[in-house]
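All remarks here apply to the structure that follows.
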Amino acid sequence: MSDDAPTLESLGAFDAQLTSELDTMWLLIGTILVFFMQTGFAMLEVGSVNKKNTRNILLKNVLDASIGGLVWWLIGFGIAMGDSPSRFIGTSMFGLVASDFEDGSGYTYGSWLFQWAFAATTATIVSGAVAERVTLTAYLTYSISLTAFIYPVVVQNGWGGNGLFSPWLGSDDPKDYFAECGVVDFAGSGVVHMCGGVAAFVGTSFLGPRTGWKEGTLSTPEYGPIFQTLGTLILWFGWYGFN
């Protein structure tokens with residue numbers, strides 16, 4: 001037999017490497033689809049606000065992803081996915097550098113990017129809810145707080161490796177899990193949507209309805225239905241990566 005012939009050991013290593021790389025590719029496809037939902041949110045919101053507020057609402061959507069990405073890298077990801085002896089908040093993985101992502105397949109980087117796309121989505125849910133009723137500074141304070149502290153704690157509890165409600169503890173003892181099974185929320189209906197929805201509800205509870213709605217003068221621009229439809233279809237498409 002040739003010395004170059006594959007062995008069971010080499011085939012096993014190749015299979016493990018290929019599996020990891022395919023997992024990474026699948027994760028990145030989902031990331032692209034989820035991040036593309038930012039476009040859907042932007043279009044939907046542009047079609048639902050007065051023409052004078054178009055630039056403001058678009059800027060908020062861009063800042064959710066860009067500034068949100070910075071605070072997620074610096075603080076949020078560590079709280080969300082770092083080691084958590086308390087089972088409530090992560091205490092490691094803050095401000096990761098290139099060497100922290102070197103795992104041979106890119107999966108660690110893909111995982112970070114995937115979670116960032118979710119974080120950006122959570123923040124953007126709020127932007128539409130408080131549209132036309134909050135200053136840019138106030139909104140950025142809200143968005144940064146949500147991305148850096150509030151949402152990451154929810155992620156740690158629901159998806160963290162040692163989270164209080166996580167079903168992915170790696171233990172064979174049912175008693176280690178909440179309700180002996182953990183809370184399975186793979187697609188983020190509670191972790192992402194409930195967190196963003198509750199944040200939006202709190203914000204709108206303080207702000208109240210838009211002035212135009214109260215006065216009966218609220219009107220969207222003529223192109224409103226076009227962008228509303230476009231945004232809805234893009235969000236629909238992106239949800240296939242979300243779920």
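FYI, nothing fancy with the structure tokens labels: chains A, B, ... in order, residues from 1 per chain, ligands from 1 as they appear.
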
- Message: Need the shell around segment 42-55 of chain A: protein/DNA/RNA residues with any atom at most 7 Å away, counting only C-alpha atoms. Skip same-chain ones fewer than 3 positions apart. Format as JSON, numbers by chain?
- Response: {"A": [38, 39, 58, 59, 61, 128, 132, 219, 220, 221, 223, 224, 225, 227, 228, 230, 231, 232]}

- Tell me which protein, DNA and RNA residues are within 9 Å of Ala187 of chain A, counting only C-alpha atoms, leaving out same-chain ones fewer than 5 positions away, and put them as a ChimeraX atom specification. /A:192,242-243

- Task: Determine which residues of segment 132-226 of chain A receive a DSSP assignment of alpha helix (DSSP H), computed from the backbone, and state them as an MDAnalysis selection string.
- Result: chainID A and resid 136:145 151:159 195:207 211:215 224:226

- Minimum-distance residue to Val130 of chain A, chosen among A:Gly216, A:Gly82, A:Gly241, A:Gly203 (using only C-alpha atoms):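 Once distances to Val130 of chain A are computed over only C-alpha atoms, the minimum belongs to A:Gly203.
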
- Item | Near-Leu63 of chain A list (12 Å; only C-alpha atoms; drop same-chain fewer than 2 positions) as a list in words |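 In the requested format, the answer is Gln38, Ala42, Asn56, Ile57, Leu58, Leu59, Lys60, Asn61, Ala65, Ser66, Ile67, Gly68, Gly69, Leu70, Val71, Ala120, Thr121, Ala123, Thr124, Ser127, Leu136, Thr137, Tyr139, Leu140, Thr141, Tyr142, Ser143, Ile144 and Thr147 of chain A.
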
- Item | Counting only C-alpha atoms, the residue of A:Val126, A:Leu96, A:Gly90, A:Ser105 that sits nearest Phe14 of chain A |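 Counting only C-alpha atoms, the residue closest to Phe14 of chain A is A:Ser105.
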
- Task: Using only C-alpha atoms, determine which residues lie at most 12 Å from Gln156 of chain A, disregarding the query and same-chain residues fewer than 2 positions distant; provide the list as a VMD selection string.
- Result: chain A and resid 76 to 92 115 149 to 154 158 to 169 191 to 192

Those selected residues, please, written with N, CA and C atoms and delivered as a tab-separated table (two decimals), in the first residue's frame.
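Listing of result.tsv after writing:
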chain	number	residue	atom	x	y	z
A	76	GLY	N	-20.73	43.78	24.52
A	76	GLY	CA	-21.91	42.92	24.41
A	76	GLY	C	-21.62	41.44	24.24
A	77	PHE	N	-20.70	41.10	23.32
A	77	PHE	CA	-20.44	39.68	23.05
A	77	PHE	C	-19.90	38.97	24.29
A	78	GLY	N	-19.05	39.64	25.06
A	78	GLY	CA	-18.50	39.03	26.26
A	78	GLY	C	-19.57	38.73	27.29
A	79	ILE	N	-20.49	39.68	27.48
A	79	ILE	CA	-21.60	39.46	28.41
A	79	ILE	C	-22.50	38.34	27.91
A	80	ALA	N	-22.70	38.29	26.60
A	80	ALA	CA	-23.63	37.33	26.01
A	80	ALA	C	-23.08	35.91	25.95
A	81	MET	N	-21.84	35.76	25.53
A	81	MET	CA	-21.31	34.43	25.25
A	81	MET	C	-20.06	34.06	26.05
A	82	GLY	N	-19.60	34.94	26.91
A	82	GLY	CA	-18.41	34.65	27.70
A	82	GLY	C	-18.68	33.67	28.83
A	83	ASP	N	-17.63	33.24	29.49
A	83	ASP	CA	-17.78	32.34	30.64
A	83	ASP	C	-18.65	33.01	31.69
A	84	SER	N	-19.55	32.22	32.27
A	84	SER	CA	-20.52	32.80	33.20
A	84	SER	C	-20.67	31.95	34.46
A	85	PRO	N	-19.77	32.11	35.42
A	85	PRO	CA	-19.91	31.37	36.67
A	85	PRO	C	-21.22	31.64	37.39
A	86	SER	N	-21.75	32.86	37.22
A	86	SER	CA	-23.01	33.23	37.88
A	86	SER	C	-24.23	32.71	37.15
A	87	ARG	N	-24.03	32.23	35.90
A	87	ARG	CA	-25.12	31.77	35.03
A	87	ARG	C	-26.05	32.92	34.63
A	88	PHE	N	-25.61	34.15	34.80
A	88	PHE	CA	-26.45	35.30	34.49
A	88	PHE	C	-25.77	36.27	33.53
A	89	ILE	N	-24.45	36.47	33.70
A	89	ILE	CA	-23.74	37.45	32.89
A	89	ILE	C	-22.34	36.95	32.58
A	90	GLY	N	-21.90	37.11	31.33
A	90	GLY	CA	-20.58	36.65	30.92
A	90	GLY	C	-19.48	37.54	31.46
A	91	THR	N	-18.31	36.94	31.70
A	91	THR	CA	-17.20	37.69	32.29
A	91	THR	C	-15.91	37.59	31.47
A	92	SER	N	-16.00	37.13	30.24
A	92	SER	CA	-14.81	37.01	29.39
A	92	SER	C	-15.18	37.32	27.95
A	115	GLN	N	-24.14	36.40	15.80
A	115	GLN	CA	-24.73	36.98	16.99
A	115	GLN	C	-24.81	38.51	16.88
A	149	PHE	N	-25.62	46.01	26.98
A	149	PHE	CA	-25.91	45.47	28.31
A	149	PHE	C	-27.20	44.64	28.40
A	150	ILE	N	-28.31	45.20	27.93
A	150	ILE	CA	-29.60	44.55	28.16
A	150	ILE	C	-29.75	43.28	27.33
A	151	TYR	N	-29.63	43.39	26.01
A	151	TYR	CA	-29.76	42.22	25.15
A	151	TYR	C	-28.73	41.13	25.45
A	152	PRO	N	-27.45	41.47	25.68
A	152	PRO	CA	-26.47	40.43	25.98
A	152	PRO	C	-26.80	39.58	27.21
A	153	VAL	N	-27.39	40.19	28.24
A	153	VAL	CA	-27.77	39.43	29.42
A	153	VAL	C	-28.86	38.41	29.06
A	154	VAL	N	-29.79	38.83	28.22
A	154	VAL	CA	-30.85	37.92	27.77
A	154	VAL	C	-30.24	36.77	26.97
A	158	GLY	N	-30.37	32.73	27.80
A	158	GLY	CA	-31.10	31.84	26.90
A	158	GLY	C	-30.22	30.96	26.02
A	159	TRP	N	-29.06	31.50	25.60
A	159	TRP	CA	-28.20	30.78	24.64
A	159	TRP	C	-26.81	30.48	25.16
A	160	GLY	N	-26.43	31.06	26.28
A	160	GLY	CA	-25.07	30.88	26.79
A	160	GLY	C	-24.78	29.44	27.18
A	161	GLY	N	-23.49	29.10	27.17
A	161	GLY	CA	-23.09	27.74	27.50
A	161	GLY	C	-23.35	27.36	28.94
A	162	ASN	N	-23.57	28.36	29.79
A	162	ASN	CA	-23.90	28.09	31.19
A	162	ASN	C	-25.05	28.97	31.66
A	163	GLY	N	-25.88	29.43	30.72
A	163	GLY	CA	-26.97	30.33	31.04
A	163	GLY	C	-28.03	29.70	31.91
A	164	LEU	N	-28.70	30.52	32.67
A	164	LEU	CA	-29.69	30.03	33.63
A	164	LEU	C	-30.81	29.23	32.97
A	165	PHE	N	-31.26	29.67	31.79
A	165	PHE	CA	-32.36	28.99	31.10
A	165	PHE	C	-31.90	28.21	29.86
A	166	SER	N	-30.60	28.17	29.64
A	166	SER	CA	-30.06	27.56	28.42
A	166	SER	C	-30.26	26.05	28.39
A	167	PRO	N	-30.65	25.50	27.23
A	167	PRO	CA	-30.76	24.05	27.09
A	167	PRO	C	-29.46	23.41	26.59
A	168	TRP	N	-28.40	24.25	26.42
A	168	TRP	CA	-27.14	23.76	25.86
A	168	TRP	C	-26.02	23.77	26.90
A	169	LEU	N	-26.29	23.19	28.06
A	169	LEU	CA	-25.30	23.15	29.13
A	169	LEU	C	-24.32	22.01	28.97
A	191	VAL	N	-35.48	35.48	22.83
A	191	VAL	CA	-34.21	36.17	23.06
A	191	VAL	C	-34.13	37.47	22.25
A	192	VAL	N	-34.49	37.41	20.99
A	192	VAL	CA	-34.37	38.58	20.12
A	192	VAL	C	-35.66	39.40	20.07

- By how many Å are atom CA of Phe118 of chain A and atom CA of Gly170 of chain A apart?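 Going from atom CA of Phe118 of chain A over to atom CA of Gly170 of chain A covers 23.5 Å.
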
- At what distance in Å, to one decimal, does atom CA of Val155 of chain A lie from atom CA of Ser189 of chain A?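 Computing the Euclidean distance for atom CA of Ser189 of chain A and atom CA of Val155 of chain A yields 11.7 Å.
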
- Query: With distances taken over only C-alpha atoms, which of A:Ser205, A:Asn157, A:Glu222, A:Thr108 is nearest to Asp185 of chain A?
  - Reply: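 Using only C-alpha atoms, Asp185 of chain A sits closest to A:Asn157.
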